[in-house]
Amino acid sequence: MKYIIVLGDGMADYPIEALDGKTPLEVAKTPEMDRLSKLSEIGLVHTVPDGMKPGSDTANLSVLGYNPRIYYSGRSPLEALSIGVDMKDTDVALRCNLVTVSDDDLPYEKKTIIDHSSGEITTEEAAELMKAVRDAFEDDKFKFYLGVSYRHLLIWDRGDVIDLAQPHDHLGEVIGAYLPEQPRLRKMMEQSYDILNSHPINQKRRERGLNPANSLWFWGAGKKPALTSFSEKTGKKGAMISAVDLLRGIAVGSGLKKVIVPGADGTLHTNYEGKANAAADVLLNEDYDFAYIHVEAPDEMGHQGSIERKIQAIENLDQRVISVVLRRMEEAAEDYRMLILPDHPTPIALRTHTSDPVPYLLYDSTDECSETWNYNEREAKASGNYVDEGYQIIEKLFER
């Protein structure tokens with residue numbers, strides 16, 4: 001038996017008036033999930049523990065069977081593992097976003113944050129901007145590391161784990177109230193605007209009608225993580241297929257194989273088929289028991305507030321990931337169980353994460369289950385199936 005998790009990051013949503021009171025998951029054309037839902041268990045799972053911030057860090061740890069209350073030490077330290085940073089016990093890691101703030105004559109603290117991802121800037125463009133950042137700010141105490149797209153890393157030697165605002169929580173707001181109180185962090189953010197706003201990379205982006213990556217934004221501080229080995233915990237040999245450093249870092253920390261797929265970039269235009277085939281390859285050709293396929297695009301489209309693009313991301317997940325995996329497994333005549341779910345909602349109306357329970361679909365190729373449910377938020381709730389502790393959902397996947 002093989003085991004697969006397909007995670008559509010931020011895929012869940014609230015009913016939207018423009019969609020006649022339906023959610024993007026209800027409206028999207030998802031023939032594969034529609035077919036599987038009639039043969040599967042449908043329900044809700046609460047992936048973000050009460051009292052913890054709703055994020056892909058806590059939620060994905062839950063889905064993988066790690067209780068965030070025990071294992072979570074901050075988001076950025078997990079990303080540091082992926083990038084290959086050897087953190088000391090006294091180091092603090094912080095996410096360093098390249099964001100778009102308003103290009104006006106107002107003082108920095110009176111500017112508005114427009115885009116937490118700088119229009120999904122490419123990693124190649126970001127590399128040049130981060131070089132300018134390193135040249136200006138790096139010293140023995142602060143070290144910058146390149147990540148993927150807009151997502152980068154700052155390591156603060158003997159730093160403090162301080163509470164910092166998440167940029168995607170405050171889109172469209174004046175930033176003054178959300179700037180760090182720590183003087184050096186605040187100064188670097190303020191000065192980064194002067195360095196980046198006129199950078200040639202951003203001048204070219206403006207000419208192409210794209211948002212400039214004209215400011216740093218620090219958040220997600222934490223200490224060096226310590227995760228129990230996934231194989232020791234579950235008895236399964238597993239692999240992680242994701243474009244983002246957070247999930248790759250969880251893979252490194254838990255001993256999952258980190259599979260890098262060319263063209264997988266966490267955007268709406270990621271290499272969906274490449275991810276699906278990579279998962280099938282490790283399951284069918286490399287004798288792995290478990291594959292975790294993480295697709296970032298629905299979350300990014302939720303943050304952008306784009307109904308149309310979020311629907312497209314869900315359809316891509318269905319027709320270009322799930323469909324490919326199903327075909328490969330069926331062609332190989334391999335028995336398998338598949339769990340499909342988001343990590344958390346990213347509602348279009350809010351453009352940020354929430355802690356609401358998310359719908360799950362659990363399919364077993366050897367089970368002749370016959371149901372009438374469709375896979376969406378509304379019917380998952382109506383099913384009456386509910387997993388209150390998200391870290392227990394993987395136990396349902398591994399029941400057989």
# chains A, B, ... in the order shown; residues from 1 in each chain; ligands from 1
call {"tool": "select_by_dssp", "arguments": {"residues": "range 203-319 of chain A", "states": "strand (DSSP E or B)", "output": "list in words"}}
result
Ser215, Leu216, Trp217, Phe218, Trp219, Gly220, Ala221, Gly222, Gly238, Ala239, Met240, Ile241, Lys257, Lys258, Val259, Phe290, Ala291, Tyr292, Ile293, His294 and Val295 of chain A
call {"tool": "closest_residue", "arguments": {"among": "A:Ala93, A:Ala177, A:Val295, A:Leu216", "to": "Ser118 in chain A", "atoms": "only C-alpha atoms"}}
result
A:Leu216
call {"tool": "residues_around", "arguments": {"residues": "Gln304 in chain A", "least_positions_apart": "6", "cutoff": "8 Å", "atoms": "only C-alpha atoms", "output": "number ranges by chain"}}
result
A: 115, 348, 351
call {"tool": "residues_around", "arguments": {"residues": "range 196-208 of chain A", "least_positions_apart": "4", "cutoff": "10 Å", "atoms": "only C-alpha atoms", "output": "list in words"}}
result
Leu98, Thr100, Val101, Ser102, Asp103, Ser118, Gly119, Ile121, Glu125, Ala126, Glu128, Leu129, Met130, Ala132, Val133, Gln191, Ser192, Pro212, Ala213, Asn214, Ser215 and Leu216 of chain A
call {"tool": "select_by_dssp", "arguments": {"residues": "range 251-296 of chain A", "states": "helix (DSSP H, G or I)", "output": "PDB file with N, CA and C atoms, in the first residue's frame"}}
result
ATOM      1  N   ALA A 251      10.667  18.996   5.602  1.00  0.00           N
ATOM      2  CA  ALA A 251      11.187  17.732   5.077  1.00  0.00           C
ATOM      3  C   ALA A 251      12.579  17.439   5.635  1.00  0.00           C
ATOM      4  N   VAL A 252      13.447  18.432   5.575  1.00  0.00           N
ATOM      5  CA  VAL A 252      14.808  18.242   6.088  1.00  0.00           C
ATOM      6  C   VAL A 252      14.772  17.903   7.574  1.00  0.00           C
ATOM      7  N   GLY A 253      13.981  18.653   8.329  1.00  0.00           N
ATOM      8  CA  GLY A 253      13.937  18.448   9.770  1.00  0.00           C
ATOM      9  C   GLY A 253      13.348  17.112  10.182  1.00  0.00           C
ATOM     10  N   SER A 254      12.442  16.579   9.368  1.00  0.00           N
ATOM     11  CA  SER A 254      11.759  15.329   9.714  1.00  0.00           C
ATOM     12  C   SER A 254      12.339  14.106   9.011  1.00  0.00           C
ATOM     13  N   TYR A 272       2.980  21.873 -12.359  1.00  0.00           N
ATOM     14  CA  TYR A 272       2.062  20.945 -11.699  1.00  0.00           C
ATOM     15  C   TYR A 272       2.357  19.497 -12.077  1.00  0.00           C
ATOM     16  N   GLU A 273       2.453  19.240 -13.376  1.00  0.00           N
ATOM     17  CA  GLU A 273       2.681  17.868 -13.843  1.00  0.00           C
ATOM     18  C   GLU A 273       4.012  17.334 -13.328  1.00  0.00           C
ATOM     19  N   GLY A 274       5.019  18.216 -13.268  1.00  0.00           N
ATOM     20  CA  GLY A 274       6.310  17.791 -12.744  1.00  0.00           C
ATOM     21  C   GLY A 274       6.220  17.328 -11.300  1.00  0.00           C
ATOM     22  N   LYS A 275       5.439  18.043 -10.494  1.00  0.00           N
ATOM     23  CA  LYS A 275       5.251  17.643  -9.100  1.00  0.00           C
ATOM     24  C   LYS A 275       4.547  16.287  -9.008  1.00  0.00           C
ATOM     25  N   ALA A 276       3.494  16.130  -9.790  1.00  0.00           N
ATOM     26  CA  ALA A 276       2.735  14.886  -9.761  1.00  0.00           C
ATOM     27  C   ALA A 276       3.597  13.700 -10.178  1.00  0.00           C
ATOM     28  N   ASN A 277       4.344  13.866 -11.248  1.00  0.00           N
ATOM     29  CA  ASN A 277       5.192  12.773 -11.726  1.00  0.00           C
ATOM     30  C   ASN A 277       6.335  12.484 -10.762  1.00  0.00           C
ATOM     31  N   ALA A 278       6.852  13.517 -10.105  1.00  0.00           N
ATOM     32  CA  ALA A 278       7.908  13.290  -9.116  1.00  0.00           C
ATOM     33  C   ALA A 278       7.395  12.444  -7.960  1.00  0.00           C
ATOM     34  N   ALA A 279       6.165  12.713  -7.536  1.00  0.00           N
ATOM     35  CA  ALA A 279       5.576  11.917  -6.457  1.00  0.00           C
ATOM     36  C   ALA A 279       5.386  10.470  -6.887  1.00  0.00           C
ATOM     37  N   ALA A 280       4.839  10.287  -8.088  1.00  0.00           N
ATOM     38  CA  ALA A 280       4.632   8.930  -8.590  1.00  0.00           C
ATOM     39  C   ALA A 280       5.957   8.194  -8.743  1.00  0.00           C
ATOM     40  N   ASP A 281       6.988   8.915  -9.173  1.00  0.00           N
ATOM     41  CA  ASP A 281       8.297   8.276  -9.363  1.00  0.00           C
ATOM     42  C   ASP A 281       8.868   7.754  -8.048  1.00  0.00           C
ATOM     43  N   VAL A 282       8.791   8.549  -6.980  1.00  0.00           N
ATOM     44  CA  VAL A 282       9.370   8.073  -5.717  1.00  0.00           C
ATOM     45  C   VAL A 282       8.556   6.915  -5.144  1.00  0.00           C
ATOM     46  N   LEU A 283       7.253   6.911  -5.419  1.00  0.00           N
ATOM     47  CA  LEU A 283       6.422   5.823  -4.909  1.00  0.00           C
ATOM     48  C   LEU A 283       6.586   4.536  -5.713  1.00  0.00           C
ATOM     49  N   LEU A 284       6.713   4.667  -7.020  1.00  0.00           N
ATOM     50  CA  LEU A 284       6.707   3.493  -7.895  1.00  0.00           C
ATOM     51  C   LEU A 284       8.103   3.014  -8.284  1.00  0.00           C
TER      52      LEU A 284
END
call {"tool": "closest_residue", "arguments": {"among": "A:Ile250, A:Met240, A:Cys96, A:Ala12", "to": "Leu154 in chain A", "atoms": "only C-alpha atoms"}}
result
A:Cys96
call {"tool": "residues_around", "arguments": {"residues": "Val148 in chain A", "least_positions_apart": "2", "cutoff": "7 Å", "atoms": "only C-alpha atoms", "output": "list in words"}}
result
Thr123, Leu146, Tyr150, Arg151, His152 and Val244 of chain A
call {"tool": "atom_distance", "arguments": {"atom1": "CA of Arg400 in chain A", "atom2": "CA of Cys369 in chain A"}}
result
14.5 Å
call {"tool": "residues_around", "arguments": {"residues": "Val27 in chain A", "least_positions_apart": "4", "cutoff": "10 Å", "atoms": "only C-alpha atoms", "output": "MDAnalysis selection string"}}
result
chainID A and resid 19:20 22:23 311 314:315 376
call {"tool": "write_last_selection", "arguments": {"atoms": "all heavy atoms", "output": "short mmCIF file (atom, residue, chain, number, x, y, z; two decimals), in the first residue's frame"}}
result
data_model
loop_
_atom_site.label_atom_id
_atom_site.label_comp_id
_atom_site.auth_asym_id
_atom_site.auth_seq_id
_atom_site.Cartn_x
_atom_site.Cartn_y
_atom_site.Cartn_z
N LEU A 19 -20.08 34.56 -6.42
CA LEU A 19 -20.22 33.17 -6.87
C LEU A 19 -21.56 32.59 -6.42
O LEU A 19 -21.69 31.38 -6.25
CB LEU A 19 -19.06 32.32 -6.33
CG LEU A 19 -17.64 32.73 -6.75
CD1 LEU A 19 -16.60 31.81 -6.11
CD2 LEU A 19 -17.50 32.71 -8.27
N ASP A 20 -22.55 33.46 -6.23
CA ASP A 20 -23.89 33.04 -5.80
C ASP A 20 -23.85 32.29 -4.47
O ASP A 20 -24.57 31.30 -4.27
CB ASP A 20 -24.56 32.17 -6.87
CG ASP A 20 -24.82 32.94 -8.16
OD1 ASP A 20 -25.11 34.14 -8.07
OD2 ASP A 20 -24.71 32.34 -9.24
N LYS A 22 -21.41 30.57 -3.21
CA LYS A 22 -20.59 29.36 -3.22
C LYS A 22 -19.12 29.74 -2.98
O LYS A 22 -18.74 30.90 -3.05
CB LYS A 22 -20.73 28.61 -4.54
CG LYS A 22 -22.14 28.08 -4.78
CD LYS A 22 -22.23 27.32 -6.09
CE LYS A 22 -23.64 26.78 -6.31
NZ LYS A 22 -23.74 26.01 -7.59
N THR A 23 -18.31 28.73 -2.71
CA THR A 23 -16.88 28.94 -2.53
C THR A 23 -16.15 28.60 -3.84
O THR A 23 -16.71 27.93 -4.71
CB THR A 23 -16.32 28.03 -1.42
OG1 THR A 23 -16.40 26.66 -1.86
CG2 THR A 23 -17.10 28.21 -0.13
N ILE A 311 -9.81 29.98 -8.37
CA ILE A 311 -10.53 28.89 -9.03
C ILE A 311 -9.61 28.16 -10.00
O ILE A 311 -9.57 26.93 -10.06
CB ILE A 311 -11.78 29.42 -9.75
CG1 ILE A 311 -12.82 29.89 -8.71
CG2 ILE A 311 -12.38 28.36 -10.67
CD1 ILE A 311 -13.99 30.63 -9.32
N ILE A 314 -7.22 25.86 -8.18
CA ILE A 314 -7.88 24.63 -7.72
C ILE A 314 -8.09 23.68 -8.89
O ILE A 314 -7.87 22.47 -8.77
CB ILE A 314 -9.20 24.97 -7.03
CG1 ILE A 314 -8.94 25.75 -5.73
CG2 ILE A 314 -10.01 23.70 -6.73
CD1 ILE A 314 -10.19 26.36 -5.11
N GLU A 315 -8.48 24.22 -10.04
CA GLU A 315 -8.67 23.38 -11.23
C GLU A 315 -7.34 22.78 -11.68
O GLU A 315 -7.28 21.61 -12.09
CB GLU A 315 -9.31 24.20 -12.35
CG GLU A 315 -10.74 24.60 -12.03
CD GLU A 315 -11.38 25.46 -13.10
OE1 GLU A 315 -10.65 25.97 -14.00
OE2 GLU A 315 -12.63 25.64 -13.06
N ASN A 376 -16.28 19.67 -0.85
CA ASN A 376 -16.25 21.13 -0.65
C ASN A 376 -16.51 21.41 0.83
O ASN A 376 -16.80 20.49 1.62
CB ASN A 376 -17.27 21.85 -1.53
CG ASN A 376 -18.68 21.36 -1.32
OD1 ASN A 376 -19.23 21.45 -0.22
ND2 ASN A 376 -19.30 20.83 -2.38
#
call {"tool": "residues_around", "arguments": {"residues": "range 51-67 of chain A", "least_positions_apart": "2", "cutoff": "9 Å", "atoms": "only C-alpha atoms", "output": "PyMOL selection string"}}
result
chain A and resi 5+7+9-10+46-49+69-72+74-75+78+227-228+230+233-234+246-247+250+292+342-345+353-356+389-395
call {"tool": "closest_residue", "arguments": {"among": "A:Ser37, A:Thr30, A:Gln319, A:Ser306", "to": "Asn374 in chain A", "atoms": "only C-alpha atoms"}}
result
A:Ser37
call {"tool": "closest_residue", "arguments": {"among": "A:Lys223, A:His116, A:Lys131, A:Lys110", "to": "Val174 in chain A", "atoms": "only C-alpha atoms"}}
result
A:Lys110
call {"tool": "atom_distance", "arguments": {"atom1": "CA of Val325 in chain A", "atom2": "CA of Ile4 in chain A"}}
result
9.2 Å
call {"tool": "decode", "arguments": {"residues": "range 273-286 of chain A", "atoms": "all heavy atoms", "output": "short mmCIF file (atom, residue, chain, number, x, y, z; two decimals), in the first residue's frame"}}
result
data_model
loop_
_atom_site.label_atom_id
_atom_site.label_comp_id
_atom_site.auth_asym_id
_atom_site.auth_seq_id
_atom_site.Cartn_x
_atom_site.Cartn_y
_atom_site.Cartn_z
N GLU A 273 2.45 19.24 -13.38
CA GLU A 273 2.68 17.87 -13.84
C GLU A 273 4.01 17.33 -13.33
O GLU A 273 4.14 16.14 -12.99
CB GLU A 273 2.65 17.80 -15.37
CG GLU A 273 1.28 18.03 -15.97
CD GLU A 273 0.92 19.51 -16.17
OE1 GLU A 273 1.76 20.37 -15.80
OE2 GLU A 273 -0.17 19.80 -16.68
N GLY A 274 5.02 18.22 -13.27
CA GLY A 274 6.31 17.79 -12.74
C GLY A 274 6.22 17.33 -11.30
O GLY A 274 6.84 16.34 -10.90
N LYS A 275 5.44 18.04 -10.49
CA LYS A 275 5.25 17.64 -9.10
C LYS A 275 4.55 16.29 -9.01
O LYS A 275 4.94 15.42 -8.22
CB LYS A 275 4.43 18.69 -8.35
CG LYS A 275 5.17 19.98 -8.04
CD LYS A 275 4.31 20.87 -7.17
CE LYS A 275 5.10 22.07 -6.68
NZ LYS A 275 4.34 22.89 -5.73
N ALA A 276 3.49 16.13 -9.79
CA ALA A 276 2.73 14.89 -9.76
C ALA A 276 3.60 13.70 -10.18
O ALA A 276 3.59 12.64 -9.54
CB ALA A 276 1.52 15.00 -10.68
N ASN A 277 4.34 13.87 -11.25
CA ASN A 277 5.19 12.77 -11.73
C ASN A 277 6.33 12.48 -10.76
O ASN A 277 6.74 11.32 -10.60
CB ASN A 277 5.73 13.10 -13.11
CG ASN A 277 4.70 12.84 -14.20
OD1 ASN A 277 4.11 11.75 -14.26
ND2 ASN A 277 4.46 13.82 -15.04
N ALA A 278 6.85 13.52 -10.10
CA ALA A 278 7.91 13.29 -9.12
C ALA A 278 7.40 12.44 -7.96
O ALA A 278 8.09 11.55 -7.46
CB ALA A 278 8.43 14.63 -8.61
N ALA A 279 6.16 12.71 -7.54
CA ALA A 279 5.58 11.92 -6.46
C ALA A 279 5.39 10.47 -6.89
O ALA A 279 5.71 9.53 -6.15
CB ALA A 279 4.24 12.53 -6.03
N ALA A 280 4.84 10.29 -8.09
CA ALA A 280 4.63 8.93 -8.59
C ALA A 280 5.96 8.19 -8.74
O ALA A 280 6.05 6.99 -8.45
CB ALA A 280 3.89 8.98 -9.92
N ASP A 281 6.99 8.91 -9.17
CA ASP A 281 8.30 8.28 -9.36
C ASP A 281 8.87 7.75 -8.05
O ASP A 281 9.40 6.63 -7.99
CB ASP A 281 9.28 9.26 -10.00
CG ASP A 281 9.00 9.52 -11.47
OD1 ASP A 281 8.27 8.72 -12.08
OD2 ASP A 281 9.52 10.52 -12.00
N VAL A 282 8.79 8.55 -6.98
CA VAL A 282 9.37 8.07 -5.72
C VAL A 282 8.56 6.92 -5.14
O VAL A 282 9.11 6.02 -4.49
CB VAL A 282 9.50 9.21 -4.67
CG1 VAL A 282 10.45 10.28 -5.16
CG2 VAL A 282 8.16 9.79 -4.28
N LEU A 283 7.25 6.91 -5.42
CA LEU A 283 6.42 5.82 -4.91
C LEU A 283 6.59 4.54 -5.71
O LEU A 283 6.61 3.45 -5.14
CB LEU A 283 4.95 6.24 -4.93
CG LEU A 283 4.54 7.35 -3.95
CD1 LEU A 283 3.12 7.81 -4.24
CD2 LEU A 283 4.67 6.89 -2.50
N LEU A 284 6.71 4.67 -7.02
CA LEU A 284 6.71 3.49 -7.90
C LEU A 284 8.10 3.01 -8.28
O LEU A 284 8.29 1.83 -8.55
CB LEU A 284 5.90 3.80 -9.16
CG LEU A 284 4.44 4.19 -8.94
CD1 LEU A 284 3.79 4.61 -10.26
CD2 LEU A 284 3.67 3.03 -8.31
N ASN A 285 9.06 3.93 -8.33
CA ASN A 285 10.40 3.57 -8.82
C ASN A 285 11.47 3.57 -7.75
O ASN A 285 12.55 3.01 -7.95
CB ASN A 285 10.82 4.53 -9.95
CG ASN A 285 9.84 4.53 -11.10
OD1 ASN A 285 9.17 3.54 -11.36
ND2 ASN A 285 9.76 5.66 -11.80
N GLU A 286 11.21 4.23 -6.62
CA GLU A 286 12.24 4.34 -5.59
C GLU A 286 11.82 3.68 -4.27
O GLU A 286 12.48 3.86 -3.25
CB GLU A 286 12.59 5.81 -5.35
CG GLU A 286 13.14 6.52 -6.59
CD GLU A 286 13.55 7.95 -6.29
OE1 GLU A 286 14.10 8.20 -5.19
OE2 GLU A 286 13.30 8.82 -7.14
#
